[in-house]
Amino acid sequence: KISSLSRSQSQSQRKPKNFLLFSELLFPYLQIYSFYLSSMFSALRGSALAASQPRAGIKTKAKLSPYLSQAWPVRCMASVSNFTEHKLGAMPPNYVAKVGDLETFDIPSEVTGSPGDIAMGHALVDAWRRDGILQVAVDKSQKKLLQDTFASSKRFFSKPHYEKASCVDTQSYAGYIASGEEITDGIADYSEIFTVTKDLDLSDPRVQQKWPCHGPCPWPDIDMKLPMTRYMDYLNTIGERLLKLIECGLNLGPNALTQYTQDGWHHMRILRFPATNNTNGKGKDGRGIGSHTDYGLLVIASQDEVGGLFIRPPYEDEKFENWKSSTAGFREHDDRWVYVPPVPDVFTVFTGDMMQYLTNSYLPSTPHKVGLNTRERYAFAYFHEPSFQAVINPLPEMHSGKSQDDGIHYGTHFTNMFMRNYPERVTSKRLIRENRVSLLDQDPLRSMAALSQTL
């Protein structure tokens, strides 16, 4: 592809100027059209493969990943290319990575366990095990909502600093996070963030009992609250459908995963990244967010046309468990990263720590990082999570022959991760001062059965 592109460019130099202008205008649209066709056929091919080839069982590793297996997949390395510049978004400067060409799925509006759901579930699982990430098409009816959320984000971040800085709550981790406030692997991140956690009234029993991380979301105004809450409600439905499809793809029983998301601790980060030449100097040149994995089940992200996201696909020789030892800064500077170029009207989806724990690393948590580009960049990261009170237990189907531990309390894992990332935040200091962390060991905070009493 590279050599043929160079030849066409060389030939075009001998064309008349009018032809050159026409070619330059038309070429990007032909590239985008070609990309959509390749994504569509790639997704169809993945679904057809899953439908036509019965799985040998979830206890043996799939033979579909060039990273997890020595065997080459049917697609060979079609999921990545070596271009340093993508048709829709240039890679941030001074980064070296392959460029992802991800599978895109149009998931059903309802998951019933039909043969089609099972086939798609297998294809989703195979894509995550091969690439560590995939794309889900935005419903046509929700494209306007996506546009509204980006517009709302830009309005908020354009406000004066003193207005943004006032949007903080001392009991929850919701609200504004200034550029340089977040810490990853001991280094300040340049991301500017508004975090949305479960918005609980001060009269809520959990808030009155001083449960860690529970409190109101300090919205600046209703103009931001409405589109963001509608957007999160929409992503909640996508997250639940994806979990049901994963249940199909892993041959699990109904509710094996969704049992944990009753009153799920879903939250979202609304993100702005400055241009690489317009930072406050608190962090590291070109580094938006350091490499890390995320805490829960699924991450559903969207980005504007300015690229910056890098992910690390699964490799057979790499093992990590973020709930035991921090993945912050994990191999941030080597050449095994894949750049995720912006594509219109899709979400990028990857798995988190609790999904890795549940599946005995069959679906590992995906390390990722963000680089700063030559323009400011806007993005959203929605986290589809278990209940704060849930104690996650390994799936018996995925842990056959392996001794199981006592599980992971999601609320403790979430609290520990946020305290690590924001050691100087007023919320962290209040948690320590009032010894709220000790409540995490109490039965009401560790029992899904207590949900009916607290909601």
# chains A, B, ... in the order shown; residues from 1 in each chain; ligands from 1
call {"tool": "residues_around", "arguments": {"residues": "Asp334 in chain A", "least_positions_apart": "3", "cutoff": "12 Å", "atoms": "only C-alpha atoms", "output": "short mmCIF file (atom, residue, chain, number, x, y, z; two decimals) with C-alpha atoms, in the first residue's frame"}}
result
data_model
loop_
_atom_site.label_atom_id
_atom_site.label_comp_id
_atom_site.auth_asym_id
_atom_site.auth_seq_id
_atom_site.Cartn_x
_atom_site.Cartn_y
_atom_site.Cartn_z
CA TYR A 95 4.94 8.76 19.18
CA VAL A 96 5.80 5.50 17.43
CA ALA A 97 3.01 2.92 17.14
CA LYS A 98 1.09 0.81 14.71
CA SER A 291 -0.46 4.16 30.70
CA ARG A 312 -1.90 -2.20 24.16
CA GLY A 329 3.01 3.41 33.84
CA PHE A 330 3.02 -0.13 32.46
CA ARG A 331 5.65 -0.31 29.68
CA TRP A 337 1.32 0.15 21.40
CA VAL A 338 -1.45 0.62 18.82
#
call {"tool": "select_by_dssp", "arguments": {"residues": "range 360-441 of chain A", "states": "strand (DSSP E)", "output": "list in words"}}
result
His368, Lys369, Val370, Gly371, Arg377, Tyr378, Ala379, Phe380, Ala381, Tyr382, Phe383, His384, Val391, Ile392, Ile408 and His409 of chain A
call {"tool": "residues_around", "arguments": {"residues": "Ser325 in chain A", "least_positions_apart": "6", "cutoff": "12 Å", "atoms": "only C-alpha atoms", "output": "list in words"}}
result
His292, Thr293, Lys319, Asp353, His413, Asn416 and Met417 of chain A
call {"tool": "closest_atom_pairs", "arguments": {"of": "range 321-422 of chain A", "to": "range 170-173 of chain A", "cutoff": "12 Å", "atoms": "only C-alpha atoms", "output": "tab-separated table"}}
result
residue	atom	partner	partner_atom	distance
A:Phe414	CA	A:Tyr173	CA	10.6
A:Thr415	CA	A:Tyr173	CA	9.4
A:Met417	CA	A:Tyr173	CA	11.3
A:Phe418	CA	A:Tyr173	CA	7.7
A:Met419	CA	A:Tyr173	CA	9.4
A:Asn421	CA	A:Tyr173	CA	10.9
A:Tyr422	CA	A:Tyr173	CA	9.1
call {"tool": "residues_around", "arguments": {"residues": "Ser361 in chain A", "least_positions_apart": "3", "cutoff": "9 Å", "atoms": "only C-alpha atoms", "output": "list in words"}}
result
Lys319, Glu321, Met355, Gln356, Tyr357, Leu358, Pro364, Ser365 and Met398 of chain A
call {"tool": "write_last_selection", "arguments": {"atoms": "all heavy atoms", "output": "PDB file, in the first residue's frame"}}
result
ATOM      1  N   LYS A 319       1.739 -10.408  31.643  1.00  0.00           N
ATOM      2  CA  LYS A 319       0.719 -10.724  32.633  1.00  0.00           C
ATOM      3  C   LYS A 319       0.674  -9.603  33.671  1.00  0.00           C
ATOM      4  O   LYS A 319       1.715  -9.139  34.140  1.00  0.00           O
ATOM      5  CB  LYS A 319       1.023 -12.051  33.340  1.00  0.00           C
ATOM      6  CG  LYS A 319       1.246 -13.234  32.392  1.00  0.00           C
ATOM      7  CD  LYS A 319      -0.014 -13.574  31.610  1.00  0.00           C
ATOM      8  CE  LYS A 319       0.240 -14.786  30.701  1.00  0.00           C
ATOM      9  NZ  LYS A 319      -0.932 -15.077  29.837  1.00  0.00           N
ATOM     10  N   GLU A 321      -2.138  -7.838  36.956  1.00  0.00           N
ATOM     11  CA  GLU A 321      -3.391  -7.861  37.711  1.00  0.00           C
ATOM     12  C   GLU A 321      -3.434  -6.584  38.534  1.00  0.00           C
ATOM     13  O   GLU A 321      -2.835  -6.491  39.599  1.00  0.00           O
ATOM     14  CB  GLU A 321      -3.464  -9.111  38.596  1.00  0.00           C
ATOM     15  CG  GLU A 321      -3.505 -10.415  37.809  1.00  0.00           C
ATOM     16  CD  GLU A 321      -3.501 -11.647  38.700  1.00  0.00           C
ATOM     17  OE1 GLU A 321      -2.901 -11.581  39.808  1.00  0.00           O
ATOM     18  OE2 GLU A 321      -4.084 -12.664  38.315  1.00  0.00           O
ATOM     19  N   MET A 355     -13.518  -7.390  34.645  1.00  0.00           N
ATOM     20  CA  MET A 355     -13.776  -8.378  33.597  1.00  0.00           C
ATOM     21  C   MET A 355     -12.611  -9.366  33.520  1.00  0.00           C
ATOM     22  O   MET A 355     -12.818 -10.575  33.346  1.00  0.00           O
ATOM     23  CB  MET A 355     -13.978  -7.690  32.247  1.00  0.00           C
ATOM     24  CG  MET A 355     -14.362  -8.645  31.120  1.00  0.00           C
ATOM     25  SD  MET A 355     -15.993  -9.414  31.339  1.00  0.00           S
ATOM     26  CE  MET A 355     -17.060  -8.014  30.916  1.00  0.00           C
ATOM     27  N   GLN A 356     -11.408  -8.863  33.656  1.00  0.00           N
ATOM     28  CA  GLN A 356     -10.241  -9.744  33.667  1.00  0.00           C
ATOM     29  C   GLN A 356     -10.313 -10.716  34.846  1.00  0.00           C
ATOM     30  O   GLN A 356     -10.061 -11.925  34.695  1.00  0.00           O
ATOM     31  CB  GLN A 356      -8.954  -8.924  33.747  1.00  0.00           C
ATOM     32  CG  GLN A 356      -7.687  -9.783  33.837  1.00  0.00           C
ATOM     33  CD  GLN A 356      -6.416  -8.964  33.945  1.00  0.00           C
ATOM     34  OE1 GLN A 356      -6.414  -7.772  33.690  1.00  0.00           O
ATOM     35  NE2 GLN A 356      -5.323  -9.605  34.342  1.00  0.00           N
ATOM     36  N   TYR A 357     -10.667 -10.194  36.018  1.00  0.00           N
ATOM     37  CA  TYR A 357     -10.737 -11.038  37.208  1.00  0.00           C
ATOM     38  C   TYR A 357     -11.828 -12.102  37.058  1.00  0.00           C
ATOM     39  O   TYR A 357     -11.611 -13.280  37.374  1.00  0.00           O
ATOM     40  CB  TYR A 357     -10.995 -10.172  38.429  1.00  0.00           C
ATOM     41  CG  TYR A 357     -11.110 -10.950  39.716  1.00  0.00           C
ATOM     42  CD1 TYR A 357      -9.991 -11.483  40.333  1.00  0.00           C
ATOM     43  CD2 TYR A 357     -12.351 -11.147  40.320  1.00  0.00           C
ATOM     44  CE1 TYR A 357     -10.096 -12.195  41.517  1.00  0.00           C
ATOM     45  CE2 TYR A 357     -12.472 -11.858  41.501  1.00  0.00           C
ATOM     46  CZ  TYR A 357     -11.335 -12.383  42.092  1.00  0.00           C
ATOM     47  OH  TYR A 357     -11.444 -13.099  43.261  1.00  0.00           O
ATOM     48  N   LEU A 358     -12.993 -11.706  36.587  1.00  0.00           N
ATOM     49  CA  LEU A 358     -14.100 -12.639  36.421  1.00  0.00           C
ATOM     50  C   LEU A 358     -13.746 -13.785  35.485  1.00  0.00           C
ATOM     51  O   LEU A 358     -14.123 -14.936  35.726  1.00  0.00           O
ATOM     52  CB  LEU A 358     -15.323 -11.893  35.877  1.00  0.00           C
ATOM     53  CG  LEU A 358     -16.185 -11.129  36.876  1.00  0.00           C
ATOM     54  CD1 LEU A 358     -17.065 -10.129  36.139  1.00  0.00           C
ATOM     55  CD2 LEU A 358     -17.039 -12.078  37.701  1.00  0.00           C
ATOM     56  N   PRO A 364      -8.556  -9.976  29.145  1.00  0.00           N
ATOM     57  CA  PRO A 364      -7.704  -9.152  30.006  1.00  0.00           C
ATOM     58  C   PRO A 364      -8.063  -7.673  29.927  1.00  0.00           C
ATOM     59  O   PRO A 364      -8.597  -7.188  28.923  1.00  0.00           O
ATOM     60  CB  PRO A 364      -6.300  -9.408  29.456  1.00  0.00           C
ATOM     61  CG  PRO A 364      -6.514  -9.794  28.032  1.00  0.00           C
ATOM     62  CD  PRO A 364      -7.821 -10.526  27.984  1.00  0.00           C
ATOM     63  N   SER A 365      -7.781  -6.966  31.006  1.00  0.00           N
ATOM     64  CA  SER A 365      -7.945  -5.522  31.029  1.00  0.00           C
ATOM     65  C   SER A 365      -6.959  -4.902  30.040  1.00  0.00           C
ATOM     66  O   SER A 365      -5.803  -5.324  29.951  1.00  0.00           O
ATOM     67  CB  SER A 365      -7.677  -5.006  32.446  1.00  0.00           C
ATOM     68  OG  SER A 365      -8.051  -3.665  32.601  1.00  0.00           O
ATOM     69  N   MET A 398     -14.807 -20.264  34.148  1.00  0.00           N
ATOM     70  CA  MET A 398     -13.527 -19.773  33.663  1.00  0.00           C
ATOM     71  C   MET A 398     -12.373 -20.118  34.600  1.00  0.00           C
ATOM     72  O   MET A 398     -11.218 -19.838  34.297  1.00  0.00           O
ATOM     73  CB  MET A 398     -13.578 -18.246  33.505  1.00  0.00           C
ATOM     74  CG  MET A 398     -14.766 -17.725  32.736  1.00  0.00           C
ATOM     75  SD  MET A 398     -14.796 -18.246  31.028  1.00  0.00           S
ATOM     76  CE  MET A 398     -13.397 -17.385  30.364  1.00  0.00           C
TER      77      MET A 398
END
call {"tool": "closest_atom_pairs", "arguments": {"of": "range 245-362 of chain A", "to": "range 440-449 of chain A", "cutoff": "12 Å", "atoms": "only C-alpha atoms", "output": "JSON lines"}}
result
{"residue": "A:Gln259", "atom": "CA", "partner": "A:Met448", "partner_atom": "CA", "distance": 9.4}
{"residue": "A:Tyr260", "atom": "CA", "partner": "A:Met448", "partner_atom": "CA", "distance": 8.3}
{"residue": "A:Thr261", "atom": "CA", "partner": "A:Met448", "partner_atom": "CA", "distance": 9.9}
{"residue": "A:Gln262", "atom": "CA", "partner": "A:Met448", "partner_atom": "CA", "distance": 8.3}
{"residue": "A:Asp263", "atom": "CA", "partner": "A:Met448", "partner_atom": "CA", "distance": 9.2}
{"residue": "A:Gly264", "atom": "CA", "partner": "A:Met448", "partner_atom": "CA", "distance": 10.6}
call {"tool": "residues_around", "arguments": {"residues": "Ile187 in chain A", "least_positions_apart": "3", "cutoff": "7 Å", "atoms": "only C-alpha atoms", "output": "compact mmCIF listing (two decimals) with N, CA and C atoms, in the first residue's frame"}}
result
# COMPACT_ATOMS: atom_id res chain seq x y z
N ILE A 183 -2.73 12.16 38.90
CA ILE A 183 -1.40 11.57 38.93
C ILE A 183 -1.46 10.14 38.41
N THR A 184 -0.61 9.80 37.44
CA THR A 184 -0.46 8.42 36.97
C THR A 184 1.00 8.04 37.05
N GLY A 283 3.33 18.54 33.82
CA GLY A 283 3.52 17.14 33.47
C GLY A 283 4.72 16.91 32.57
call {"tool": "residues_around", "arguments": {"residues": "Asp304 in chain A", "least_positions_apart": "3", "cutoff": "7 Å", "atoms": "only C-alpha atoms", "output": "list in words"}}
result
Pro342, Arg377, Tyr378 and Ala379 of chain A
call {"tool": "residues_around", "arguments": {"residues": "Leu298 in chain A", "least_positions_apart": "3", "cutoff": "12 Å", "atoms": "only C-alpha atoms", "output": "ChimeraX atom specification"}}
result
/A:128,132-134,235-236,238-243,246,257-258,261,264-268,293-295,301,347-356,363-366,381-386
call {"tool": "closest_residue", "arguments": {"among": "A:Lys143, A:Lys244, A:Arg287, A:His214", "to": "Asp117 in chain A", "atoms": "only C-alpha atoms"}}
result
A:Lys244
call {"tool": "closest_residue", "arguments": {"among": "A:Asn251, A:Ser166, A:Thr229, A:Thr149", "to": "Ile118 in chain A", "atoms": "only C-alpha atoms"}}
result
A:Asn251
